[in-house]
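Here is the structure we will look at, set down as structure tokens.
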Amino acid sequence: MINIESVRADFPILHQKSYHRSIVYLDNAATTQKPQQVIDTTSEFYAKYNSNIHRGVHFLSEKMTEAYESARKTVKQFINAKHSHEVVFTSGTTESINLLAFSFGEAFIHEGDEIVVSEMEHHSNIVPWQMLCERKNAKLKVLPIKFSGELNLIALSSIITDKTKLIAISHISNSLGTINPIKEIIDYAHARNIPVMIDGAQGIQHQMVDVQQLDCDFYVFSGHKIYGPTGIGILYGKEKWLEKLPPYKGGGDMIKTVTFEKTIYNDLPFKFEAGTTNFIGAVGLASALKYLEDKNRNHLLAYEEELYHYALNKIQAIEGIRIIGTAEKRASIISFLLGNIHPFDCGMMLDKMDIAVRTGNHCTQPLMKFFGIDGTVRASFSFYNTKEEVDYLVESLEKVKKLFA
Amino acid sequence: MKSIEELQNEIVEEFEAFGDWMEKYNYIIELAKTLPPFKEEYRTKEHLIQGCQSQVWLGAEYLDGKLYFYADSDAIITKGIIALLLRVLSGQSPNDILNTELWFVDKIGLASHLSPTRSNGLVSMIKQIKMYALAYKTKYNL
């Protein structure tokens with residue numbers, strides 16, 4: 001069991017007043033709040049160790065480089081990668097996918113090839129592949145979903161052909177909370193020699209991720225969605241793949257030797273980390289991962305799940321509510337519509353009652369089109385949320401209903 | 001016809017009566033219902049101002065030196081604020097519209113609705129109103 005009050009005490013922002021009371025933060029799928037430990041680590045490193053990595057011979061540079069590489073090890077352990085050099089620091093999920101779309105595309109995608117995404121993907125896991133397909137005259141194919149908000153796995157056999165070169169699919173839907181059966185998809189794809197990239201932007205926050213057990217070829221996520229700083233993210237890739245991919249950006253630190261005739265690229269993972277990286281962000285991310293482990297992540301996730309079921313039951317019971325996405329396996333993300341009230345109107349009024357939710361299409365326009373709606377109200381929960389907050393949300397939704405009646 | 005200044009003052013006075021946000025937004029929701037009926041001929045792609053959060057349709061008509069606007073939105077709060085904006089701007093001359101600063105929005109505590117970060121279509125709508133005013137000013141050499 002976790003002591004929720006002591007956990008909440010670690011997050012200073014939760015005790016800040018917004019309009020009338022301390023904020024009820026239910027926008028955790030967009031970004032998570034930071035524990036004091038992460039804030040302290042970040043400022044400590046700026047105060048004591050700031051220095052460019054891999055370049056200096058001096059004391060500070062060595063300290064900072066050590067901390068950066070140790071952060072890489074922490075991430076490696078967190079996702080159980082086989083090697084540290086399979087962990088590439090990027091600026092976030094979006095950059096990780098763009099990097100992969102470029103580099104994988106350069107190496108392996110040719111005219112007529114096919115890339116498969118699903119209908120529930122975030123725009124970040126659609127647009128980079130679309131751009132690649134345009135560049136290479138390849139084809140983007142879409143795995144359809146069912147009205148429950150689950151992937152239509154039966155369609156896999158018709159969507160995947162001998163031209164399929166990559167499957168890029170989300171671990172958990174940011175709009176619906178659906179937990180996808182990624183292991184099943186990975187095994188299916190591997191039986192046909194097709195690599196799989198998992199968009200873990202949401203997955204990393206709600207699931208224990210073991211990339212070796214999953215056997216995924218690539219797994220990408222952002223630091224800020226797992227209680228770390230913004231501007232830092234991860235591209236995990238199996239060594240055998242990363243070695244075959246050309247660099248995405250050229251610049252400092254990604255090279256071994258440069259002449260005007262030819263440049264020899266650096267080894268993994270530095271080949272993909274051109275320029276000055278967000279090294280303090282990396283250390284902050286490691287601090288967030290350590291925080292989760294210190295608190296016993298299993299307990300945190302168990303509480304989060306319990307809170308989610310409590311919230312789902314309460315919200316479902318509101319008259320006139322329509323939950324969008326009813327998959328059997330869902331993470332703590334609840335998308336809904338309240339009667340005929342426009343999501344924007346609902347979100348605006350909840351804001352006035354100090355509740356932070358997200359409204360709109362959640363960067364998943366094709367998914368909204370599938371459901372025939374313009375958007376939803378999305379409440380997403382973390383382990384620092386409480387049952388009292390859920391009760392307050394439900395009371396507030398009743399008030400919103402009255403306002404627009 | 002009251003001047004834009006008079007209308008802005010009038011709205012500020014109305015809003016001074018409200019004690020809390022509930023009353024204020026209740027009024028905005030009521031205002032949404034008072035918005036003059038939308039001319040359906042303007043519910044087209046060309047007249048759609050797409051915000052990320054809510055959508056706004058806007059049409060303009062020029063008559064005897066004045067510009068008249070017709071607008072609608074899919075969100076009620078947005079619609080209520082449109083009602084306020086049109087009360088001030090619809091029926092005014094293109095020159096007056098162009099020279100106006102909409103200070104009342106800030107005074108009644110709704111400025112956040114019109115900040116560029118709120119992608120509800122309202123900022124683009126005001127820009128579009130000014131564009132219409134400029135177009136007619138140029139066309140009729142006002």
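Residues are named by chain letter and number: chains run A, B, ... in the order of the structure tokens, numbers start at 1 in each chain, and ligands are numbered from 1 in the order shown.
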Segment 18-59 of chain B: which residues are helix (DSSP H, G or I) by DSSP, as a ChimeraX atom specification? /B:21-34,40-42,45-47
Nearby residues (only C-alpha atoms) at most 9 Å from Cys363 of chain A, same-chain spacing under 2 positions excluded, as a PyMOL selection string: chain A and resi 121-124+174-175+360-361+365-366
Where does chain A meet chain B within 7 Å, residue by residue, with the nearest atom pair and distance in Å to one decimal for each, counting only C-alpha atoms, listed by chain and rising number, as a tab-separated table?
residue	atom	partner	partner_atom	distance
A:His342	CA	B:Ala75	CA	5.4
A:Phe344	CA	B:Gln53	CA	6.0
A:Asp345	CA	B:Ile77	CA	5.9
A:Gly360	CA	B:Gln53	CA	5.3
A:Leu403	CA	B:Asn26	CA	6.6
Export of prior selection with C-alpha atoms as a CSV table (one decimal), in the first residue's frame:
chain,number,residue,atom,x,y,z
A,342,HIS,CA,-19.5,20.7,-26.1
A,344,PHE,CA,-14.8,22.9,-24.8
A,345,ASP,CA,-17.7,24.3,-22.7
A,360,GLY,CA,-10.6,18.5,-28.0
A,403,LEU,CA,-25.3,25.2,-16.1
Excluding segment 41-44 of chain A and its own-chain neighbours fewer than 2 positions away, which residues fall within 7 Å of it when counting only C-alpha atoms? Please give them as a PyMOL selection string. chain A and resi 37-39+46-48+280+284+287
Would you please work out which residue, of B:Pro94, B:Tyr136, B:Ser73, B:Glu10, is nearest to Gln50 of chain B when using only C-alpha atoms?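 Closest residue, counting only C-alpha atoms: B:Ser73.
Using only C-alpha atoms, the protein and nucleic acid residues lying no more than 10 Å from Ser124 of chain B, apart from those fewer than 4 places from it along its own chain, are Ile49, Gln50, Gly51, Val56, Leu114, Pro116, Ser119, Asn120, Gln128, Ile129 and Lys130 of chain B.
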Please identify all polymer residues within 10 Å of Lys387 of chain A, counting only C-alpha atoms, omitting same-chain residues fewer than 5 positions from it, and present them as a list in words.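 Surrounding residues, per the criterion: Glu306, Leu307, Tyr308, Tyr310, Ala311, Tyr392 and Leu393 of chain A.
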Take the residues just selected and output them with N, CA and C atoms as a PDB file, in the first residue's frame.
ATOM      1  N   GLU A 306      -6.579   0.982  -8.992  1.00  0.00           N
ATOM      2  CA  GLU A 306      -7.719   1.008  -8.076  1.00  0.00           C
ATOM      3  C   GLU A 306      -8.463   2.340  -8.213  1.00  0.00           C
ATOM      4  N   LEU A 307      -7.699   3.428  -8.282  1.00  0.00           N
ATOM      5  CA  LEU A 307      -8.293   4.761  -8.421  1.00  0.00           C
ATOM      6  C   LEU A 307      -9.053   4.866  -9.745  1.00  0.00           C
ATOM      7  N   TYR A 308      -8.459   4.284 -10.784  1.00  0.00           N
ATOM      8  CA  TYR A 308      -9.087   4.324 -12.104  1.00  0.00           C
ATOM      9  C   TYR A 308     -10.452   3.641 -12.068  1.00  0.00           C
ATOM     10  N   TYR A 310     -12.356   3.138  -9.514  1.00  0.00           N
ATOM     11  CA  TYR A 310     -13.231   3.975  -8.695  1.00  0.00           C
ATOM     12  C   TYR A 310     -13.796   5.118  -9.552  1.00  0.00           C
ATOM     13  N   ALA A 311     -12.901   5.772 -10.307  1.00  0.00           N
ATOM     14  CA  ALA A 311     -13.304   6.912 -11.140  1.00  0.00           C
ATOM     15  C   ALA A 311     -14.252   6.465 -12.246  1.00  0.00           C
ATOM     16  N   TYR A 392     -14.901  15.040  -6.284  1.00  0.00           N
ATOM     17  CA  TYR A 392     -15.047  16.460  -6.605  1.00  0.00           C
ATOM     18  C   TYR A 392     -15.296  16.647  -8.105  1.00  0.00           C
ATOM     19  N   LEU A 393     -14.604  15.846  -8.925  1.00  0.00           N
ATOM     20  CA  LEU A 393     -14.818  15.902 -10.374  1.00  0.00           C
ATOM     21  C   LEU A 393     -16.273  15.567 -10.704  1.00  0.00           C
TER      22      LEU A 393
END
Test item: residues at most 7 Å from Leu67 of chain B, only C-alpha atoms, excluding those fewer than 5 positions along its chain, as a PyMOL selection string: chain B and resi 60-62+90-94
How would the residues just chosen look if you wrote them out with C-alpha atoms as an mmCIF file, in the first residue's frame?
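As written to disk, part-v4.cif reads:
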data_model
loop_
_atom_site.group_PDB
_atom_site.id
_atom_site.type_symbol
_atom_site.label_atom_id
_atom_site.label_comp_id
_atom_site.auth_asym_id
_atom_site.auth_seq_id
_atom_site.Cartn_x
_atom_site.Cartn_y
_atom_site.Cartn_z
ATOM 1 C CA ALA B 60 -20.503 39.728 -43.221
ATOM 2 C CA GLU B 61 -22.903 42.003 -45.120
ATOM 3 C CA TYR B 62 -22.437 45.629 -46.083
ATOM 4 C CA SER B 90 -22.051 44.556 -35.850
ATOM 5 C CA GLY B 91 -23.754 47.568 -37.433
ATOM 6 C CA GLN B 92 -20.693 49.802 -37.185
ATOM 7 C CA SER B 93 -18.802 51.447 -40.038
ATOM 8 C CA PRO B 94 -15.684 49.747 -41.428
#
Rows by chain and residue number, segment 55-116 of chain A within 12 Å of segment 158-168 of chain A, shortest pair, only C-alpha atoms, as a Markdown table:
| residue | atom | partner | partner_atom | distance |
| --- | --- | --- | --- | --- |
| A:Ile97 | CA | A:Ala168 | CA | 9.2 |
| A:Asn98 | CA | A:Ala168 | CA | 11.9 |
| A:Leu100 | CA | A:Ala168 | CA | 10.4 |
| A:Ala101 | CA | A:Ala168 | CA | 9.9 |
| A:Phe104 | CA | A:Leu166 | CA | 9.1 |
| A:Gly105 | CA | A:Lys165 | CA | 9.5 |
| A:Ala107 | CA | A:Lys165 | CA | 11.0 |
| A:Phe108 | CA | A:Lys165 | CA | 7.5 |
| A:Ile109 | CA | A:Lys165 | CA | 7.1 |
| A:His110 | CA | A:Lys165 | CA | 9.4 |
| A:Glu111 | CA | A:Lys163 | CA | 10.1 |
| A:Gly112 | CA | A:Lys163 | CA | 7.4 |
| A:Asp113 | CA | A:Lys163 | CA | 5.1 |
| A:Glu114 | CA | A:Thr164 | CA | 4.5 |
| A:Ile115 | CA | A:Leu166 | CA | 5.1 |
| A:Val116 | CA | A:Ile167 | CA | 4.7 |
Generate the output file for the selected residues, N, CA and C atoms, as a tab-separated table (two decimals), in the first residue's frame.
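Just written: part.tsv:
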chain	number	residue	atom	x	y	z
A	97	ILE	N	10.29	9.34	-32.99
A	97	ILE	CA	9.60	8.75	-34.15
A	97	ILE	C	10.11	9.39	-35.45
A	98	ASN	N	10.34	10.69	-35.41
A	98	ASN	CA	10.88	11.35	-36.61
A	98	ASN	C	12.27	10.82	-36.97
A	100	LEU	N	13.42	7.87	-36.26
A	100	LEU	CA	13.28	6.53	-36.80
A	100	LEU	C	12.71	6.56	-38.22
A	101	ALA	N	11.70	7.41	-38.42
A	101	ALA	CA	11.08	7.49	-39.75
A	101	ALA	C	12.13	7.89	-40.79
A	104	PHE	N	15.30	4.84	-40.50
A	104	PHE	CA	14.81	3.54	-40.96
A	104	PHE	C	14.39	3.66	-42.43
A	105	GLY	N	13.76	4.79	-42.72
A	105	GLY	CA	13.31	5.04	-44.09
A	105	GLY	C	14.46	5.07	-45.08
A	107	ALA	N	17.30	3.62	-44.81
A	107	ALA	CA	17.96	2.32	-44.96
A	107	ALA	C	17.06	1.26	-45.59
A	108	PHE	N	15.77	1.31	-45.27
A	108	PHE	CA	14.96	0.13	-45.60
A	108	PHE	C	13.70	0.37	-46.43
A	109	ILE	N	13.30	1.62	-46.61
A	109	ILE	CA	12.03	1.84	-47.31
A	109	ILE	C	12.27	2.25	-48.77
A	110	HIS	N	11.63	1.51	-49.65
A	110	HIS	CA	11.75	1.80	-51.07
A	110	HIS	C	10.37	1.93	-51.69
A	111	GLU	N	10.35	2.37	-52.91
A	111	GLU	CA	9.09	2.57	-53.62
A	111	GLU	C	8.21	1.31	-53.52
A	112	GLY	N	6.95	1.52	-53.17
A	112	GLY	CA	6.01	0.40	-53.12
A	112	GLY	C	5.96	-0.33	-51.79
A	113	ASP	N	6.92	-0.03	-50.90
A	113	ASP	CA	6.91	-0.67	-49.59
A	113	ASP	C	5.74	-0.14	-48.75
A	114	GLU	N	5.42	-0.87	-47.69
A	114	GLU	CA	4.29	-0.46	-46.86
A	114	GLU	C	4.67	-0.36	-45.39
A	115	ILE	N	4.07	0.65	-44.74
A	115	ILE	CA	4.25	0.84	-43.30
A	115	ILE	C	2.86	0.80	-42.69
A	116	VAL	N	2.74	0.12	-41.56
A	116	VAL	CA	1.42	-0.05	-40.94
A	116	VAL	C	1.34	0.73	-39.63
